[in-house]
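Note sheet for the following structure.
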Amino acid sequence: DVKVTQSSRYLVKRTGEKVFLECVQDMDHENMFWYRQDPGLGLRLIYFSYDVKMKEKGDIPEGYSVSREKKERFSLILESASTNQTSMYLCASSLWGGMGNQPQHFGDGTRLSIL
Amino acid sequence: QQQVKQSPQSLIVQKGGISIINCAYENTAFDYFPWYQQFPGKGPALLIAIRPDVSEKKEGRFTISFNKSAKQFSLHIMDSQPGDSATYFCAASKTGTASKLTFGTGTRLQVTL
């Protein structure tokens with residue numbers, strides 16, 4: 001089974017801090033994704049990566065950046081945390097699959113609170 | 001701009017009943033429509049998916065119905081069980097976008113005894 005591991009289940013940080021969320025997948029997947037999940041808003045894509053050192057903005061990239069130095073690891077960075085970034089953050093991975101669609105496999109999330 | 005609209009937001013169904021969740025999309029380029037199931041404290045997991053060349057796909061008690069002309073698709077859970085209580089998300093993507101998904105807002109399903 002594919003395993004996507006997010007380094008923290010719960011995280012509390014202060015406004016203005018630089019925050020790192022880490023995600024590791026063990027199935028050699030090319031694609032990796034970061035979402036935030038908020039009640040009533042579903043899952044919204046922040047950034048995704050289809051290869052090492054490659055990244056593309058999703059629907060809500062403002063205030064975030066990402067890093068993918070190794071294929072198995074995808075990091076989400078909050079440059080200067082703000083209270084409106086309090087949320088559940090979900091990481092996912094999938095095979096490239098050529099031009100077709102491949103299922104995404106999710107981690108169990110990091111609940112981040114910014115005080 | 002919400003490209004995938006999902007309803008209802010919450011749903012209560014008695015054990016043995018049929019649960020129906022509806023989604024509508026706007027982008028006619030979408031060609032892959034999965035449903036994800038999420039239990040509390042867990043990440044979403046793929047439940048079932050359909051492509052627009054078929055109008056229905058069934059896997060056990062779960063069925064996707066797809067109406068291309070109306071740009072709508074729905075999830076039917078037959079003989080609903082308490083273990084089906086979860087949040088369900090519809091999603092859509094188009095070929096060539098690295099499997100990038102656009103999700104609906106989710107439906108919280110509660111199956112009562």
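Chain labels A, B, ... are given in the sequence in which chains occur in the structure tokens; within each chain residues are numbered consecutively from 1, and ligands are likewise numbered from 1 in the order shown.
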Exercise: Ser55 (chain B) partners within 12 Å, only C-alpha atoms, chain neighbours under 4 positions left out, as number ranges by chain: B: 33, 49-51, 63-74
Export of prior selection with N, CA, C and O atoms as a compact mmCIF listing (two decimals), in the first residue's frame:
```txt
# COMPACT_ATOMS: atom_id res chain seq x y z
N PHE B 33 -13.85 11.74 -13.15
CA PHE B 33 -14.69 12.17 -12.03
C PHE B 33 -14.62 11.13 -10.91
O PHE B 33 -15.36 10.16 -10.89
N ALA B 49 -14.51 5.90 -9.31
CA ALA B 49 -14.31 6.97 -10.30
C ALA B 49 -14.96 6.57 -11.62
O ALA B 49 -15.16 5.38 -11.90
N ILE B 50 -15.28 7.58 -12.43
CA ILE B 50 -15.92 7.34 -13.70
C ILE B 50 -15.35 8.26 -14.77
O ILE B 50 -14.87 9.37 -14.45
N ARG B 51 -15.37 7.81 -16.01
CA ARG B 51 -15.01 8.66 -17.15
C ARG B 51 -16.27 8.91 -17.95
O ARG B 51 -17.20 8.11 -17.92
N THR B 63 -22.48 3.38 -6.48
CA THR B 63 -22.73 3.59 -7.91
C THR B 63 -22.55 5.06 -8.23
O THR B 63 -23.03 5.93 -7.50
N ILE B 64 -21.83 5.34 -9.32
CA ILE B 64 -21.78 6.69 -9.87
C ILE B 64 -22.70 6.73 -11.08
O ILE B 64 -22.59 5.89 -11.97
N SER B 65 -23.57 7.74 -11.11
CA SER B 65 -24.38 8.01 -12.30
C SER B 65 -23.86 9.30 -12.92
O SER B 65 -23.60 10.27 -12.22
N PHE B 66 -23.71 9.29 -14.24
CA PHE B 66 -23.10 10.42 -14.93
C PHE B 66 -24.00 10.90 -16.05
O PHE B 66 -24.47 10.11 -16.87
N ASN B 67 -24.27 12.20 -16.09
CA ASN B 67 -25.09 12.81 -17.13
C ASN B 67 -24.26 13.90 -17.81
O ASN B 67 -24.15 15.01 -17.31
N LYS B 68 -23.69 13.54 -18.96
CA LYS B 68 -22.76 14.45 -19.62
C LYS B 68 -23.46 15.70 -20.12
O LYS B 68 -22.93 16.82 -20.00
N SER B 69 -24.65 15.57 -20.66
CA SER B 69 -25.35 16.73 -21.22
C SER B 69 -25.71 17.74 -20.14
O SER B 69 -25.69 18.95 -20.36
N ALA B 70 -26.05 17.24 -18.96
CA ALA B 70 -26.41 18.11 -17.84
C ALA B 70 -25.19 18.54 -17.04
O ALA B 70 -25.30 19.38 -16.13
N LYS B 71 -24.04 17.97 -17.33
CA LYS B 71 -22.80 18.22 -16.58
C LYS B 71 -23.01 17.95 -15.09
O LYS B 71 -22.69 18.78 -14.22
N GLN B 72 -23.58 16.77 -14.82
CA GLN B 72 -23.85 16.39 -13.45
C GLN B 72 -23.44 14.93 -13.23
O GLN B 72 -23.50 14.11 -14.16
N PHE B 73 -23.04 14.63 -12.02
CA PHE B 73 -22.79 13.25 -11.64
C PHE B 73 -23.14 13.07 -10.17
O PHE B 73 -23.14 14.04 -9.41
N SER B 74 -23.50 11.86 -9.82
CA SER B 74 -23.96 11.62 -8.46
C SER B 74 -23.45 10.29 -7.93
O SER B 74 -23.13 9.38 -8.70
```
Surrounding residues of Leu101 (chain B) excluding itself and chain neighbours under 4 positions, 7 Å, only C-alpha atoms, as a ChimeraX atom specification: /B:91-93
Closest atom pairs, residues of chain B within 8 Å of chain A, only C-alpha atoms, as a Markdown table:
```
| residue | atom | partner | partner_atom | distance |
| --- | --- | --- | --- | --- |
| B:Gln9 | CA | A:Gly40 | CA | 7.6 |
| B:Tyr32 | CA | A:Asn101 | CA | 7.1 |
| B:Gly41 | CA | A:Asp108 | CA | 6.6 |
| B:Lys42 | CA | A:Asp108 | CA | 4.5 |
| B:Gly43 | CA | A:Asp108 | CA | 4.2 |
| B:Pro44 | CA | A:Phe106 | CA | 6.1 |
| B:Ala45 | CA | A:His105 | CA | 6.6 |
| B:Leu46 | CA | A:Pro103 | CA | 6.8 |
| B:Phe89 | CA | A:Gly42 | CA | 7.5 |
| B:Ser93 | CA | A:Asn101 | CA | 7.8 |
| B:Lys94 | CA | A:Asn101 | CA | 7.7 |
| B:Thr95 | CA | A:Gly100 | CA | 5.5 |
| B:Gly96 | CA | A:Met99 | CA | 4.8 |
| B:Thr97 | CA | A:Met99 | CA | 7.7 |
| B:Ala98 | CA | A:Trp96 | CA | 6.3 |
| B:Ser99 | CA | A:Asn101 | CA | 4.9 |
| B:Thr102 | CA | A:Arg44 | CA | 7.5 |
| B:Phe103 | CA | A:Leu43 | CA | 5.9 |
| B:Gly104 | CA | A:Gly42 | CA | 5.9 |
| B:Thr105 | CA | A:Gly42 | CA | 3.8 |
| B:Gly106 | CA | A:Gly42 | CA | 5.5 |
```
Next, dump the selected residues to file, keeping only C-alpha atoms, as a PDB file, in the first residue's frame.
```pdb
ATOM      1  CA  GLN B   9     -23.736  19.767   2.632  1.00  0.00           C
ATOM      2  CA  TYR B  32     -12.309  12.101 -14.983  1.00  0.00           C
ATOM      3  CA  GLY B  41      -8.884  11.924  11.547  1.00  0.00           C
ATOM      4  CA  LYS B  42      -7.935  10.383   8.214  1.00  0.00           C
ATOM      5  CA  GLY B  43      -7.078  11.678   4.784  1.00  0.00           C
ATOM      6  CA  PRO B  44      -9.484  11.179   1.870  1.00  0.00           C
ATOM      7  CA  ALA B  45      -9.297   7.873   0.030  1.00  0.00           C
ATOM      8  CA  LEU B  46     -10.456   7.082  -3.487  1.00  0.00           C
ATOM      9  CA  PHE B  89     -16.014  14.603  -1.843  1.00  0.00           C
ATOM     10  CA  SER B  93      -9.888  16.622 -13.539  1.00  0.00           C
ATOM     11  CA  LYS B  94      -8.848  16.807 -17.160  1.00  0.00           C
ATOM     12  CA  THR B  95      -6.266  14.762 -18.993  1.00  0.00           C
ATOM     13  CA  GLY B  96      -2.841  16.300 -19.194  1.00  0.00           C
ATOM     14  CA  THR B  97      -2.953  18.219 -15.938  1.00  0.00           C
ATOM     15  CA  ALA B  98      -0.826  15.817 -13.884  1.00  0.00           C
ATOM     16  CA  SER B  99      -3.970  14.383 -12.285  1.00  0.00           C
ATOM     17  CA  THR B 102     -10.817  20.147  -8.458  1.00  0.00           C
ATOM     18  CA  PHE B 103     -12.868  19.109  -5.439  1.00  0.00           C
ATOM     19  CA  GLY B 104     -16.430  19.775  -4.388  1.00  0.00           C
ATOM     20  CA  THR B 105     -17.126  21.182  -0.941  1.00  0.00           C
ATOM     21  CA  GLY B 106     -17.973  17.840   0.643  1.00  0.00           C
TER      22      GLY B 106
END
```
Within 8 Å of Ile114 (chain A) using only C-alpha atoms, minus same-chain residues under 3 positions, as a list in words: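 In the requested format, the answer is Val12, Lys13, Arg14, Thr15, Ala81, Ser82, Thr83, Asn84, Gln85 and Thr86 of chain A.
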Distance of CA of Gln6 (chain A) from CA of Glu79 (chain A), expressed in Å to one decimal place: 18.9 Å
Polymer residues at most 8 Å from Leu109 (chain B), only C-alpha atoms, same-chain spacing of 4 or more positions, as an MDAnalysis selection string: chainID B and resid 10:13 84:88
Those in chain B with strand (DSSP E or B) from DSSP, as a ChimeraX atom specification: /B:4-7,10-14,19-25,32-38,45-50,56-59,62-67,72-77,86-93,102-103,107-112
Those residues you just picked out, can you put them in a file as a PDB file, in the first residue's frame with C-alpha atoms?
```pdb
ATOM      1  CA  VAL B   4     -17.499  21.692  -8.955  1.00  0.00           C
ATOM      2  CA  LYS B   5     -20.647  22.264  -6.908  1.00  0.00           C
ATOM      3  CA  GLN B   6     -21.677  19.577  -4.430  1.00  0.00           C
ATOM      4  CA  SER B   7     -24.911  19.066  -2.533  1.00  0.00           C
ATOM      5  CA  SER B  10     -24.950  17.153   5.108  1.00  0.00           C
ATOM      6  CA  LEU B  11     -27.164  14.105   4.918  1.00  0.00           C
ATOM      7  CA  ILE B  12     -28.770  11.809   7.473  1.00  0.00           C
ATOM      8  CA  VAL B  13     -29.951   8.411   6.239  1.00  0.00           C
ATOM      9  CA  GLN B  14     -31.363   5.448   8.100  1.00  0.00           C
ATOM     10  CA  SER B  19     -27.745   7.887   0.206  1.00  0.00           C
ATOM     11  CA  ILE B  20     -27.533  10.225  -2.784  1.00  0.00           C
ATOM     12  CA  ILE B  21     -24.966  12.969  -3.220  1.00  0.00           C
ATOM     13  CA  ASN B  22     -24.964  15.233  -6.262  1.00  0.00           C
ATOM     14  CA  CYS B  23     -22.285  17.192  -8.069  1.00  0.00           C
ATOM     15  CA  ALA B  24     -22.341  19.577 -10.995  1.00  0.00           C
ATOM     16  CA  TYR B  25     -19.376  20.846 -12.969  1.00  0.00           C
ATOM     17  CA  TYR B  32     -12.309  12.101 -14.983  1.00  0.00           C
ATOM     18  CA  PHE B  33     -14.692  12.171 -12.035  1.00  0.00           C
ATOM     19  CA  PRO B  34     -13.642  10.430  -8.803  1.00  0.00           C
ATOM     20  CA  TRP B  35     -15.331  10.276  -5.441  1.00  0.00           C
ATOM     21  CA  TYR B  36     -13.283  10.310  -2.260  1.00  0.00           C
ATOM     22  CA  GLN B  37     -14.336   9.115   1.192  1.00  0.00           C
ATOM     23  CA  GLN B  38     -12.885  10.643   4.345  1.00  0.00           C
ATOM     24  CA  ALA B  45      -9.297   7.873   0.030  1.00  0.00           C
ATOM     25  CA  LEU B  46     -10.456   7.082  -3.487  1.00  0.00           C
ATOM     26  CA  LEU B  47     -13.825   5.316  -3.424  1.00  0.00           C
ATOM     27  CA  ILE B  48     -14.896   5.054  -7.061  1.00  0.00           C
ATOM     28  CA  ALA B  49     -14.312   6.967 -10.298  1.00  0.00           C
ATOM     29  CA  ILE B  50     -15.921   7.339 -13.704  1.00  0.00           C
ATOM     30  CA  GLU B  56     -22.952   4.514 -14.798  1.00  0.00           C
ATOM     31  CA  LYS B  57     -20.325   2.637 -12.814  1.00  0.00           C
ATOM     32  CA  LYS B  58     -21.060   0.288  -9.966  1.00  0.00           C
ATOM     33  CA  GLU B  59     -18.724  -1.149  -7.340  1.00  0.00           C
ATOM     34  CA  PHE B  62     -21.558   2.293  -4.515  1.00  0.00           C
ATOM     35  CA  THR B  63     -22.730   3.592  -7.907  1.00  0.00           C
ATOM     36  CA  ILE B  64     -21.781   6.693  -9.869  1.00  0.00           C
ATOM     37  CA  SER B  65     -24.376   8.009 -12.296  1.00  0.00           C
ATOM     38  CA  PHE B  66     -23.097  10.424 -14.926  1.00  0.00           C
ATOM     39  CA  ASN B  67     -25.092  12.809 -17.127  1.00  0.00           C
ATOM     40  CA  GLN B  72     -23.847  16.386 -13.450  1.00  0.00           C
ATOM     41  CA  PHE B  73     -22.789  13.248 -11.643  1.00  0.00           C
ATOM     42  CA  SER B  74     -23.959  11.622  -8.458  1.00  0.00           C
ATOM     43  CA  LEU B  75     -22.965   9.005  -5.914  1.00  0.00           C
ATOM     44  CA  HIS B  76     -25.544   6.484  -4.758  1.00  0.00           C
ATOM     45  CA  ILE B  77     -24.884   4.340  -1.706  1.00  0.00           C
ATOM     46  CA  ALA B  86     -18.014   9.801   6.587  1.00  0.00           C
ATOM     47  CA  THR B  87     -17.460  12.905   4.501  1.00  0.00           C
ATOM     48  CA  TYR B  88     -17.673  12.394   0.750  1.00  0.00           C
ATOM     49  CA  PHE B  89     -16.014  14.603  -1.843  1.00  0.00           C
ATOM     50  CA  CYS B  90     -16.642  14.609  -5.544  1.00  0.00           C
ATOM     51  CA  ALA B  91     -13.853  15.809  -7.797  1.00  0.00           C
ATOM     52  CA  ALA B  92     -12.996  16.365 -11.433  1.00  0.00           C
ATOM     53  CA  SER B  93      -9.888  16.622 -13.539  1.00  0.00           C
ATOM     54  CA  THR B 102     -10.817  20.147  -8.458  1.00  0.00           C
ATOM     55  CA  PHE B 103     -12.868  19.109  -5.439  1.00  0.00           C
ATOM     56  CA  THR B 107     -21.018  16.075   2.086  1.00  0.00           C
ATOM     57  CA  ARG B 108     -21.080  14.834   5.629  1.00  0.00           C
ATOM     58  CA  LEU B 109     -23.093  11.597   5.698  1.00  0.00           C
ATOM     59  CA  GLN B 110     -24.482  10.138   8.885  1.00  0.00           C
ATOM     60  CA  VAL B 111     -26.147   6.729   8.761  1.00  0.00           C
ATOM     61  CA  THR B 112     -28.342   6.101  11.785  1.00  0.00           C
TER      62      THR B 112
END
```
Among the residues B:Asp31, B:Asp53, B:Pro40, B:Gly60, the one that comes closest to Lys100 (chain B) [using only C-alpha atoms]: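 Going through B:Asp31, B:Asp53, B:Pro40, B:Gly60 one by one, the smallest distance to Lys100 (chain B) is for B:Asp31.
Put simply, CA of Pro8 (chain B) is 27.9 Å away from CA of Tyr47 (chain A).
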Nearest-residue call for Lys57 (chain A), choices A:Leu115, A:Trp34, A:Val19, A:Ser7, using only C-alpha atoms: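 Nearest candidate to Lys57 (chain A) out of A:Leu115, A:Trp34, A:Val19, A:Ser7: A:Trp34.
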